[in-house]
Structure formats: structure tokens, C-alpha cells
file run-v1.pdb (PDB, C-alpha atoms and all ligand atoms)
ATOM      1  CA  MET A   1       0.000   0.000   0.000
ATOM      2  CA  ASP A   2       1.472   3.331  -1.054
ATOM      3  CA  LEU A   3       1.182   5.758   1.851
ATOM      4  CA  HIS A   4       2.065   8.714  -0.410
ATOM      5  CA  LEU A   5       4.767   9.879   1.989
ATOM      6  CA  SER A   6       7.699   9.462  -0.381
ATOM      7  CA  GLY A   7       9.687  12.658  -0.998
ATOM      8  CA  LYS A   8       8.073  14.402   1.979
ATOM      9  CA  THR A   9       9.770  15.592   5.155
ATOM     10  CA  ALA A  10       9.279  14.698   8.815
ATOM     11  CA  VAL A  11      10.366  15.845  12.247
ATOM     12  CA  VAL A  12      10.193  13.232  14.995
ATOM     13  CA  THR A  13      10.802  14.088  18.633
ATOM     14  CA  GLY A  14      12.619  11.490  20.737
ATOM     15  CA  GLY A  15      13.952   9.341  17.887
ATOM     16  CA  SER A  16      17.057   7.922  19.572
ATOM     17  CA  LYS A  17      15.355   4.750  20.817
ATOM     18  CA  GLY A  18      12.051   3.021  21.449
ATOM     19  CA  ILE A  19       8.960   4.053  19.510
ATOM     20  CA  GLY A  20      10.628   7.193  18.115
ATOM     21  CA  LEU A  21      13.476   5.172  16.593
ATOM     22  CA  ALA A  22      10.950   2.788  15.002
ATOM     23  CA  VAL A  23       9.062   5.802  13.604
ATOM     24  CA  VAL A  24      12.287   7.249  12.139
ATOM     25  CA  ARG A  25      13.078   3.915  10.462
ATOM     26  CA  THR A  26       9.531   3.470   9.154
ATOM     27  CA  LEU A  27       9.302   6.976   7.698
ATOM     28  CA  LEU A  28      12.731   6.656   6.062
ATOM     29  CA  ALA A  29      11.601   3.347   4.555
ATOM     30  CA  GLU A  30       8.563   5.201   3.167
ATOM     31  CA  GLY A  31      10.961   7.555   1.362
ATOM     32  CA  MET A  32      10.685  10.532   3.713
ATOM     33  CA  ARG A  33      13.568  12.777   4.787
ATOM     34  CA  VAL A  34      13.666  12.757   8.579
ATOM     35  CA  VAL A  35      15.096  14.994  11.301
ATOM     36  CA  THR A  36      14.869  13.939  14.927
ATOM     37  CA  GLY A  37      15.656  15.592  18.236
ATOM     38  CA  SER A  38      16.762  13.889  21.439
ATOM     39  CA  ARG A  39      19.495  14.426  23.992
ATOM     40  CA  SER A  40      21.673  11.567  22.797
ATOM     41  CA  LEU A  41      22.624  10.103  19.433
ATOM     42  CA  THR A  42      22.500   6.330  19.801
ATOM     43  CA  PRO A  43      24.392   4.000  17.424
ATOM     44  CA  GLU A  44      21.001   2.680  16.248
ATOM     45  CA  LEU A  45      19.809   6.168  15.299
ATOM     46  CA  LYS A  46      23.132   7.044  13.672
ATOM     47  CA  GLU A  47      22.810   3.954  11.504
ATOM     48  CA  THR A  48      19.484   5.180  10.071
ATOM     49  CA  GLY A  49      21.113   8.223   8.459
ATOM     50  CA  ALA A  50      18.416  10.582   9.812
ATOM     51  CA  LEU A  51      19.693  14.003  10.860
ATOM     52  CA  HIS A  52      19.982  14.200  14.624
ATOM     53  CA  VAL A  53      19.643  17.456  16.559
ATOM     54  CA  PRO A  54      20.904  17.220  20.147
ATOM     55  CA  VAL A  55      18.273  18.982  22.279
ATOM     56  CA  ASP A  56      16.588  18.820  25.638
ATOM     57  CA  LEU A  57      12.940  18.965  24.624
ATOM     58  CA  SER A  58      11.731  19.682  28.132
ATOM     59  CA  THR A  59      12.956  23.238  27.514
ATOM     60  CA  ALA A  60      11.542  25.997  25.303
ATOM     61  CA  ASP A  61      14.940  26.489  23.647
ATOM     62  CA  GLY A  62      15.167  22.799  22.773
ATOM     63  CA  ALA A  63      11.855  22.963  20.899
ATOM     64  CA  THR A  64      12.781  25.987  18.778
ATOM     65  CA  THR A  65      16.325  24.757  18.111
ATOM     66  CA  LEU A  66      14.952  21.464  16.764
ATOM     67  CA  VAL A  67      12.502  23.166  14.401
ATOM     68  CA  ASP A  68      15.027  25.796  13.260
ATOM     69  CA  GLN A  69      17.558  23.119  12.384
ATOM     70  CA  ALA A  70      14.926  20.919  10.757
ATOM     71  CA  LEU A  71      13.779  23.813   8.554
ATOM     72  CA  ALA A  72      17.390  24.602   7.611
ATOM     73  CA  GLU A  73      17.965  20.951   6.650
ATOM     74  CA  LEU A  74      14.614  20.063   5.080
ATOM     75  CA  GLY A  75      13.341  23.393   3.729
ATOM     76  CA  GLY A  76       9.876  22.692   5.165
ATOM     77  CA  ILE A  77       7.948  20.237   7.339
ATOM     78  CA  ASP A  78       5.184  17.942   6.038
ATOM     79  CA  LEU A  79       4.868  15.803   9.156
ATOM     80  CA  LEU A  80       5.570  16.363  12.828
ATOM     81  CA  VAL A  81       5.490  13.397  15.204
ATOM     82  CA  ASN A  82       5.445  14.566  18.830
ATOM     83  CA  ASN A  83       6.697  11.365  20.382
ATOM     84  CA  VAL A  84       9.150  12.407  23.086
ATOM     85  CA  GLY A  85       8.299  11.093  26.527
ATOM     86  CA  VAL A  86       8.989   9.185  29.702
ATOM     87  CA  GLY A  87      12.647  10.184  29.844
ATOM     88  CA  ASP A  88      14.978   9.064  32.568
ATOM     89  CA  THR A  89      14.071  11.230  35.503
ATOM     90  CA  ASP A  90      12.281   9.894  38.533
ATOM     91  CA  ASP A  91       9.238  12.119  38.005
ATOM     92  CA  VAL A  92       7.053   9.574  36.240
ATOM     93  CA  ALA A  93       8.123   6.847  38.660
ATOM     94  CA  GLN A  94       7.181   9.136  41.547
ATOM     95  CA  GLY A  95       3.815   9.694  39.888
ATOM     96  CA  ALA A  96       3.202   5.952  40.044
ATOM     97  CA  LEU A  97       4.267   5.656  43.665
ATOM     98  CA  LEU A  98       2.873   8.774  45.343
ATOM     99  CA  ASN A  99      -0.622  10.130  45.671
ATOM    100  CA  VAL A 100      -1.490  13.748  44.860
ATOM    101  CA  LEU A 101      -0.865  14.886  48.416
ATOM    102  CA  ASP A 102       2.756  13.786  48.204
ATOM    103  CA  LEU A 103       3.652  14.231  44.532
ATOM    104  CA  PRO A 104       5.601  17.509  44.412
ATOM    105  CA  ASP A 105       4.991  20.376  41.982
ATOM    106  CA  SER A 106       8.448  19.757  40.536
ATOM    107  CA  ALA A 107       7.376  16.300  39.293
ATOM    108  CA  TRP A 108       4.150  17.648  37.753
ATOM    109  CA  GLU A 109       6.062  20.507  36.138
ATOM    110  CA  HIS A 110       8.774  18.362  34.582
ATOM    111  CA  THR A 111       6.304  15.719  33.424
ATOM    112  CA  PHE A 112       4.152  18.384  31.796
ATOM    113  CA  ALA A 113       7.241  20.060  30.270
ATOM    114  CA  LEU A 114       8.296  16.821  28.552
ATOM    115  CA  HIS A 115       4.904  15.405  27.514
ATOM    116  CA  PHE A 116       2.702  18.448  26.985
ATOM    117  CA  TYR A 117       4.747  21.624  26.579
ATOM    118  CA  SER A 118       7.273  19.978  24.247
ATOM    119  CA  ALA A 119       4.419  19.059  21.869
ATOM    120  CA  LEU A 120       2.885  22.520  22.164
ATOM    121  CA  ARG A 121       6.185  24.316  21.602
ATOM    122  CA  VAL A 122       7.527  22.139  18.771
ATOM    123  CA  SER A 123       4.125  22.301  17.041
ATOM    124  CA  ARG A 124       3.923  26.080  17.454
ATOM    125  CA  ALA A 125       7.356  26.490  15.895
ATOM    126  CA  ALA A 126       6.539  24.072  13.059
ATOM    127  CA  LEU A 127       2.993  25.268  12.292
ATOM    128  CA  PRO A 128       3.851  28.045   9.824
ATOM    129  CA  SER A 129       5.635  25.466   7.675
ATOM    130  CA  LEU A 130       2.942  22.812   8.277
ATOM    131  CA  VAL A 131       0.307  25.307   7.120
ATOM    132  CA  GLU A 132       2.344  26.170   4.031
ATOM    133  CA  ARG A 133       2.630  22.462   3.167
ATOM    134  CA  ARG A 134      -0.834  21.385   4.395
ATOM    135  CA  GLY A 135       0.959  18.978   6.722
ATOM    136  CA  THR A 136       0.115  16.707   9.626
ATOM    137  CA  ILE A 137       0.791  16.552  13.368
ATOM    138  CA  VAL A 138       0.741  13.162  15.115
ATOM    139  CA  ASN A 139       0.778  13.332  18.908
ATOM    140  CA  VAL A 140       1.940  10.143  20.605
ATOM    141  CA  SER A 141      -0.173   9.932  23.738
ATOM    142  CA  SER A 142      -0.970   6.914  25.909
ATOM    143  CA  ALA A 143      -3.871   4.625  26.714
ATOM    144  CA  GLY A 144      -3.126   5.894  30.237
ATOM    145  CA  ALA A 145      -4.983   9.082  29.322
ATOM    146  CA  ARG A 146      -8.152   6.949  29.330
ATOM    147  CA  VAL A 147      -7.355   4.806  32.357
ATOM    148  CA  VAL A 148      -5.885   7.583  34.455
ATOM    149  CA  SER A 149      -6.074   5.696  37.731
ATOM    150  CA  ALA A 150      -3.966   2.810  36.367
ATOM    151  CA  GLY A 151      -0.589   4.522  36.321
ATOM    152  CA  PRO A 152       1.465   7.608  37.093
ATOM    153  CA  ALA A 153      -0.984  10.446  37.774
ATOM    154  CA  ASP A 154       1.202  13.283  36.460
ATOM    155  CA  TYR A 155       2.000  11.339  33.281
ATOM    156  CA  ASN A 156      -1.578  10.232  32.575
ATOM    157  CA  VAL A 157      -2.975  13.704  33.186
ATOM    158  CA  SER A 158      -0.321  15.263  30.913
ATOM    159  CA  LYS A 159      -1.294  12.773  28.189
ATOM    160  CA  ALA A 160      -4.988  13.630  28.639
ATOM    161  CA  ALA A 161      -4.012  17.280  28.106
ATOM    162  CA  LEU A 162      -2.087  16.249  24.992
ATOM    163  CA  ASN A 163      -5.196  14.493  23.624
ATOM    164  CA  ALA A 164      -7.116  17.729  24.106
ATOM    165  CA  LEU A 165      -4.348  19.671  22.363
ATOM    166  CA  THR A 166      -4.724  17.446  19.291
ATOM    167  CA  LYS A 167      -8.372  18.500  19.115
ATOM    168  CA  VAL A 168      -7.399  22.173  19.366
ATOM    169  CA  PHE A 169      -4.851  21.833  16.543
ATOM    170  CA  ALA A 170      -7.380  19.964  14.385
ATOM    171  CA  GLU A 171     -10.038  22.602  14.915
ATOM    172  CA  GLN A 172      -7.868  25.704  14.596
ATOM    173  CA  PHE A 173      -5.757  24.540  11.643
ATOM    174  CA  GLY A 174      -8.125  22.197   9.783
ATOM    175  CA  PRO A 175      -9.340  25.095   7.629
ATOM    176  CA  SER A 176      -5.691  25.725   6.657
ATOM    177  CA  GLY A 177      -5.258  22.108   5.553
ATOM    178  CA  VAL A 178      -3.362  20.849   8.606
ATOM    179  CA  ARG A 179      -4.510  17.580  10.208
ATOM    180  CA  ALA A 180      -3.795  16.522  13.793
ATOM    181  CA  VAL A 181      -4.163  12.976  15.090
ATOM    182  CA  THR A 182      -3.513  11.246  18.416
ATOM    183  CA  VAL A 183      -1.952   7.778  18.514
ATOM    184  CA  SER A 184      -2.281   6.220  21.963
ATOM    185  CA  PRO A 185      -0.198   3.140  22.678
ATOM    186  CA  GLY A 186      -0.861   0.824  25.568
ATOM    187  CA  PRO A 187       2.171  -1.012  26.958
ATOM    188  CA  VAL A 188       4.970  -1.176  24.351
ATOM    189  CA  ARG A 189       8.154  -3.260  24.537
ATOM    190  CA  THR A 190      10.699  -0.426  24.838
ATOM    191  CA  GLY A 191      13.303   0.388  27.470
ATOM    192  CA  VAL A 192      10.481   1.758  29.591
ATOM    193  CA  TRP A 193       9.567  -1.878  30.252
ATOM    194  CA  THR A 194      12.841  -3.703  29.615
ATOM    195  CA  ASP A 195      15.858  -1.533  30.575
ATOM    196  CA  PRO A 196      17.396  -2.191  33.991
ATOM    197  CA  ASP A 197      17.244   1.610  34.439
ATOM    198  CA  GLY A 198      13.886   2.128  32.756
ATOM    199  CA  LEU A 199      10.656   3.266  34.341
ATOM    200  CA  ILE A 200       9.355  -0.142  35.412
ATOM    201  CA  ALA A 201      12.752  -1.142  36.827
ATOM    202  CA  ARG A 202      12.875   2.087  38.849
ATOM    203  CA  ILE A 203       9.432   1.502  40.305
ATOM    204  CA  ALA A 204      10.389  -2.113  41.064
ATOM    205  CA  ARG A 205      13.497  -0.930  42.936
ATOM    206  CA  GLU A 206      11.426   1.505  44.988
ATOM    207  CA  GLN A 207       8.978  -1.259  45.833
ATOM    208  CA  GLY A 208      11.700  -3.822  46.557
ATOM    209  CA  VAL A 209      10.328  -6.210  43.928
ATOM    210  CA  PRO A 210      12.347  -7.884  41.115
ATOM    211  CA  HIS A 211      12.007  -6.001  37.822
ATOM    212  CA  GLU A 212      10.576  -8.966  35.862
ATOM    213  CA  VAL A 213       8.045  -9.703  38.619
ATOM    214  CA  LEU A 214       6.716  -6.136  38.594
ATOM    215  CA  ALA A 215       6.627  -6.032  34.770
ATOM    216  CA  GLU A 216       4.594  -9.257  34.731
ATOM    217  CA  ARG A 217       2.309  -8.022  37.512
ATOM    218  CA  LEU A 218       1.678  -4.678  35.807
ATOM    219  CA  LEU A 219       0.938  -6.259  32.465
ATOM    220  CA  SER A 220      -1.493  -8.662  34.054
ATOM    221  CA  SER A 221      -3.220  -5.816  35.948
ATOM    222  CA  LEU A 222      -3.627  -3.926  32.648
ATOM    223  CA  SER A 223      -5.042  -7.143  31.226
ATOM    224  CA  PRO A 224      -4.527  -6.654  27.471
ATOM    225  CA  SER A 225      -6.888  -8.928  25.530
ATOM    226  CA  THR A 226      -3.958 -10.072  23.376
ATOM    227  CA  GLY A 227      -1.925 -10.827  26.516
ATOM    228  CA  ARG A 228       1.178  -9.048  25.254
ATOM    229  CA  LEU A 229       2.992  -5.762  24.860
ATOM    230  CA  SER A 230       2.841  -4.038  21.480
ATOM    231  CA  THR A 231       6.090  -3.654  19.554
ATOM    232  CA  PRO A 232       7.542  -0.252  18.639
ATOM    233  CA  GLU A 233       7.288  -1.255  14.969
ATOM    234  CA  GLU A 234       3.534  -1.887  15.292
ATOM    235  CA  VAL A 235       3.077   1.599  16.753
ATOM    236  CA  ALA A 236       5.302   3.127  14.054
ATOM    237  CA  ARG A 237       3.209   1.517  11.294
ATOM    238  CA  LEU A 238       0.029   3.040  12.752
ATOM    239  CA  ILE A 239       1.721   6.446  12.918
ATOM    240  CA  ALA A 240       2.789   6.168   9.273
ATOM    241  CA  PHE A 241      -0.772   5.174   8.343
ATOM    242  CA  VAL A 242      -2.410   8.171  10.032
ATOM    243  CA  ALA A 243       0.304  10.420   8.552
ATOM    244  CA  SER A 244      -0.706   9.276   5.083
ATOM    245  CA  PRO A 245      -2.919  11.854   3.303
ATOM    246  CA  SER A 246      -6.597  11.402   4.281
ATOM    247  CA  ASN A 247      -9.554  13.160   5.877
ATOM    248  CA  ILE A 248      -8.674  11.821   9.361
ATOM    249  CA  THR A 249      -8.271  14.610  11.887
ATOM    250  CA  GLY A 250      -8.912  15.266  15.569
ATOM    251  CA  SER A 251      -9.269  11.533  16.233
ATOM    252  CA  GLU A 252      -7.498   9.228  18.637
ATOM    253  CA  TYR A 253      -6.201   5.821  17.542
ATOM    254  CA  LEU A 254      -5.550   3.300  20.300
ATOM    255  CA  ILE A 255      -2.968   0.565  19.825
ATOM    256  CA  ASP A 256      -3.155  -1.139  23.188
ATOM    257  CA  GLY A 257      -3.853  -4.843  22.647
ATOM    258  CA  GLY A 258      -7.268  -4.281  24.237
ATOM    259  CA  VAL A 259      -6.265  -2.605  27.515
ATOM    260  CA  VAL A 260      -9.079  -0.057  27.253
ATOM    261  CA  LYS A 261     -12.252  -2.092  27.741
ATOM    262  CA  SER A 262     -14.912   0.602  27.355
ATOM    263  CA  ALA A 263     -16.776   1.008  24.057
TER
HETATM  264  N1  LIG B 301       6.604   2.253  26.104
HETATM  265  C1  LIG B 301       5.336   2.276  26.497
HETATM  266  O1  LIG B 301       4.827   1.326  27.119
HETATM  267  C2  LIG B 301       4.464   3.463  26.149
HETATM  268  C3  LIG B 301       3.087   3.356  26.414
HETATM  269  C4  LIG B 301       2.259   4.427  26.113
HETATM  270  C5  LIG B 301       2.786   5.577  25.578
HETATM  271  N2  LIG B 301       4.123   5.671  25.337
HETATM  272  C6  LIG B 301       4.626   6.941  24.806
HETATM  273  O2  LIG B 301       5.409   6.722  23.653
HETATM  274  C7  LIG B 301       6.423   7.712  23.553
HETATM  275  C8  LIG B 301       7.771   7.046  23.384
HETATM  276  O3  LIG B 301       7.976   6.175  24.489
HETATM  277  P1  LIG B 301       9.120   5.064  24.468
HETATM  278  O4  LIG B 301       8.606   3.912  25.230
HETATM  279  O5  LIG B 301       9.626   4.873  23.095
HETATM  280  O6  LIG B 301      10.235   5.802  25.365
HETATM  281  P2  LIG B 301      11.820   5.629  25.354
HETATM  282  O7  LIG B 301      12.223   4.329  24.782
HETATM  283  O8  LIG B 301      12.236   5.996  26.734
HETATM  284  O9  LIG B 301      12.297   6.768  24.351
HETATM  285  C9  LIG B 301      12.092   8.107  24.692
HETATM  286  C10 LIG B 301      12.719   9.006  23.658
HETATM  287  O10 LIG B 301      12.559  10.354  24.112
HETATM  288  C11 LIG B 301      13.853  10.967  24.219
HETATM  289  N3  LIG B 301      13.875  11.897  25.347
HETATM  290  C12 LIG B 301      13.574  11.650  26.638
HETATM  291  N4  LIG B 301      13.700  12.770  27.377
HETATM  292  C13 LIG B 301      14.104  13.734  26.505
HETATM  293  C14 LIG B 301      14.409  15.105  26.649
HETATM  294  N5  LIG B 301      14.336  15.745  27.839
HETATM  295  N6  LIG B 301      14.758  15.824  25.556
HETATM  296  C15 LIG B 301      14.854  15.207  24.355
HETATM  297  N7  LIG B 301      14.573  13.915  24.147
HETATM  298  C16 LIG B 301      14.222  13.184  25.223
HETATM  299  C17 LIG B 301      14.824   9.812  24.418
HETATM  300  O11 LIG B 301      16.109  10.173  23.938
HETATM  301  P3  LIG B 301      17.315  10.656  24.856
HETATM  302  O12 LIG B 301      17.291   9.839  26.098
HETATM  303  O13 LIG B 301      18.483  10.448  23.971
HETATM  304  O14 LIG B 301      17.063  12.114  25.117
HETATM  305  C18 LIG B 301      14.206   8.766  23.474
HETATM  306  O15 LIG B 301      14.580   9.020  22.158
HETATM  307  C19 LIG B 301       6.325   8.556  24.823
HETATM  308  O16 LIG B 301       5.587   9.726  24.567
HETATM  309  C20 LIG B 301       5.564   7.661  25.772
HETATM  310  O17 LIG B 301       4.857   8.392  26.728
HETATM  311  C21 LIG B 301       4.987   4.636  25.608
END
call {"tool": "encode", "arguments": {"input": "run-v1.pdb", "output": "C-alpha cells"}}
result
Amino acid sequence: MDLHLSGKTAVVTGGSKGIGLAVVRTLLAEGMRVVTGSRSLTPELKETGALHVPVDLSTADGATTLVDQALAELGGIDLLVNNVGVGDTDDVAQGALLNVLDLPDSAWEHTFALHFYSALRVSRAALPSLVERRGTIVNVSSAGARVVSAGPADYNVSKAALNALTKVFAEQFGPSGVRAVTVSPGPVRTGVWTDPDGLIARIAREQGVPHEVLAERLLSSLSPSTGRLSTPEEVARLIAFVASPSNITGSEYLIDGGVVKSA
């Protein structure tokens, strides 16, 4: 199936590993030119040949630097994938362990900076070019935005805000030809689940439980109908599909193996 992305340009936030890396690879395979921003350049990202911009996307400067460099390299932006998230701070882990009385403002602020403000700021910087090219924004959210009680409160609430932001982009820029779509993964087999320093491992350490035991327990409490994590490649394929020219806008696409049970 031709997704009609060939020859177009994309900016992906957080492309050094995990879902973002899979998105970079998938878009390159579709014939797009891709720029990605993250703090580190991993060997896996380097191998793709995508242009890497070293930025901290939890800051306002990081967002504008990424878009400025992407515009200089690509000449314009057809697709923006706001994927960056989770990161390696303890904020999201704290959000899973503490209730709202104990979760400090600093955790809420950093979690919102990385998951909500980065998408707002990168999109704002990219929108003039997206309007010119009648482009598309894909916001990578989380099924957690729908099952807010089942995970880190700060993270899930920031993702719910991101879902709402997609709707605002769709409404305000639809008349200018820009589409905005939310893709919401459930649990995905990335370092978040598997790295010895990833989110689940950190929570396990805090709880004094072996990493694999907590991962198994969490997955079973989320109870995906398929019984498994999604792969980053499966999420990347959905992102490429919604990025393909169509009349889809403002909508949310879940890829969660059936974690969300409501109709
Ligand atoms: N994995 C899951 O189960 C799951 C489930 C639902 C939703 N999601 C969402 O999917 C997205 C990707 O998650 P993932 O599992 O692929 O995470 P990941 O493997 O931890 O990758 C996160 C990416 O974001 C980058 N990043 C983190 N903090 C950054 C910062 N301050 N500035 C710039 N880049 C930064 C990382 O690169 P550097 O470390 O090099 O900066 C990396 O490229 C996130 O929005 C996450 O919320 C994931």
C-alpha cells in the first residue's frame, strides 16, 4: 500500500530509541527525509542516516532549536510526530508511587514540560511550515490518558491534556489544511519496560520487587486482551498510516492490545 509519503519531510521528537526510533526507520523506509531531536545520538539512530539534533525537549529552547535546524535541513515540514516522553528522571516513577498529596509540583512541572509543553512548543514552531505544506501533526499519547487511575498520575494527566491539544490543533488549523491525530499506545516493549534503568525497573526498585516480577504483575493488571505488549514497529506503522494523506483529523487511535475495555 502506497502511503504517499515518499519525498516528503518529517520531524520526529525522541527518535534515539524506542517508539521514536521505530518511527524514524519506518518513515525513512517510506521515502521521507527525517530529522529527529533527542538528547543523545544512539548507534542505532546514527545507523538510520536521519539528521539528529541534540536537544533537551523539556525546555523551550530545545523545541525551537529542533525546528530551526529541521527547517534549515529540510526546507519545510510535512509531518511532525510529537513522540518524546517518559525520559529518565524519577518524576514519572514518583507519579506511580505517590498520591497527589505527596507528589511535588516539581514532578508535575517536569512531566508536563516533557509530555505536553514539548508538543505545544515544537508544534507552534513548526505550524507556519505545516500550514504552508498542508501537513500533519501526530501526537503520541498513551492509553493511560483513558485509564488515568492505572498509572502515574502526572504522566496520565499530561497525556490527557495532549489528547485535548490534538483537538485544538485539528479545529484551529483544519481550515488551513493541517490535520492533527492522536496515537495512543498501551504497553509497548521499549526500554520503559525492559531496561534495567527504565521506568518499570525504577518503580520495582522503589517497591523492593524484582524487575521482571513487577513487569509481569503490571501487564497482568492492565489485562490486554492479546496478553502481550505491542512492539515499537507496530506503533510506528500506525503512525505512518495516520500520517498518510486522508480526511482523518482530531481523532485518537488506540494501539493497546485491548487494555481499554470501554466502548
Ligand atoms: N513504552 C510504552 O509502554 C508506552 C506506552 C504508552 C505511551 N508511550 C509513549 O510513547 C512515547 C515514546 O515512548 P518510548 O517507550 O519509546 O520511550 P523511550 O524508549 O524511553 O524513548 C524516549 C525518547 O525520548 C527521548 N527523550 C527523553 N527525554 C528527553 C528530553 N528531555 N529531551 C529530548 N529527548 C528526550 C529519548 O532520547 P534521549 O534519552 O536520547 O534524550 C528517546 O529518544 C512517549 O511519549 C511515551 O509516553 C509509551
call {"tool": "residues_around", "arguments": {"input": "run-v1.pdb", "residues": "Asp90 in chain A", "least_positions_apart": "5", "cutoff": "9 Å", "atoms": "only C-alpha atoms", "output": "ChimeraX atom specification"}}
result
/A:95,107,199,202
call {"tool": "resolve_selection", "arguments": {"input": "run-v1.pdb", "expression": "the PyMOL selection byres (((chain A and resi 83) around 9) and not hetatm)", "output": "ChimeraX atom specification"}}
result
/A:12-15,19-20,81-82,84-85,115,119,138-141
call {"tool": "closest_residue", "arguments": {"input": "run-v1.pdb", "among": "A:Leu74, A:Ala263, A:Ala145, A:Val242", "to": "Asn163 in chain A", "atoms": "only C-alpha atoms"}}
result
A:Ala145
call {"tool": "atom_distance", "arguments": {"input": "run-v1.pdb", "atom1": "CA of Leu254 in chain A", "atom2": "CA of Ser184 in chain A"}}
result
4.7 Å
call {"tool": "resolve_selection", "arguments": {"input": "run-v1.pdb", "expression": "the PyMOL selection byres (((chain A and resi 229) around 9) and not hetatm)", "output": "ChimeraX atom specification"}}
result
/A:186-189,219,224,226-228,230-231,256-257
call {"tool": "axis_aligned_box", "arguments": {"input": "run-v1.pdb", "around": "range 148-166 of chain A", "padding_each_side": "8 Å", "output": "JSON"}}
result
{"center_x": -2.6, "center_y": 11.2, "center_z": 28.5, "size_x": 25.1, "size_y": 32.9, "size_z": 34.5}
call {"tool": "build_atoms", "arguments": {"input": "run-v1.pdb", "residues": "range 104-115 of chain A", "atoms": "N, CA and C atoms", "output": "tab-separated table (two decimals), keeping the file's coordinate frame"}}
result
chain	number	residue	atom	x	y	z
A	104	PRO	N	5.27	16.08	44.36
A	104	PRO	CA	5.60	17.51	44.41
A	104	PRO	C	5.34	18.24	43.09
A	105	ASP	N	5.18	19.55	43.18
A	105	ASP	CA	4.99	20.38	41.98
A	105	ASP	C	6.09	20.13	40.96
A	106	SER	N	7.32	19.92	41.47
A	106	SER	CA	8.45	19.76	40.54
A	106	SER	C	8.23	18.56	39.61
A	107	ALA	N	7.64	17.48	40.13
A	107	ALA	CA	7.38	16.30	39.29
A	107	ALA	C	6.31	16.62	38.25
A	108	TRP	N	5.21	17.26	38.70
A	108	TRP	CA	4.15	17.65	37.75
A	108	TRP	C	4.72	18.56	36.67
A	109	GLU	N	5.55	19.52	37.10
A	109	GLU	CA	6.06	20.51	36.14
A	109	GLU	C	6.97	19.85	35.10
A	110	HIS	N	7.87	18.97	35.56
A	110	HIS	CA	8.77	18.36	34.58
A	110	HIS	C	8.01	17.39	33.67
A	111	THR	N	7.08	16.66	34.25
A	111	THR	CA	6.30	15.72	33.42
A	111	THR	C	5.49	16.47	32.37
A	112	PHE	N	4.89	17.58	32.78
A	112	PHE	CA	4.15	18.38	31.80
A	112	PHE	C	5.10	19.01	30.77
A	113	ALA	N	6.28	19.44	31.20
A	113	ALA	CA	7.24	20.06	30.27
A	113	ALA	C	7.61	19.07	29.16
A	114	LEU	N	7.84	17.81	29.53
A	114	LEU	CA	8.30	16.82	28.55
A	114	LEU	C	7.16	16.29	27.67
A	115	HIS	N	5.98	16.08	28.26
A	115	HIS	CA	4.90	15.40	27.51
A	115	HIS	C	3.89	16.37	26.90
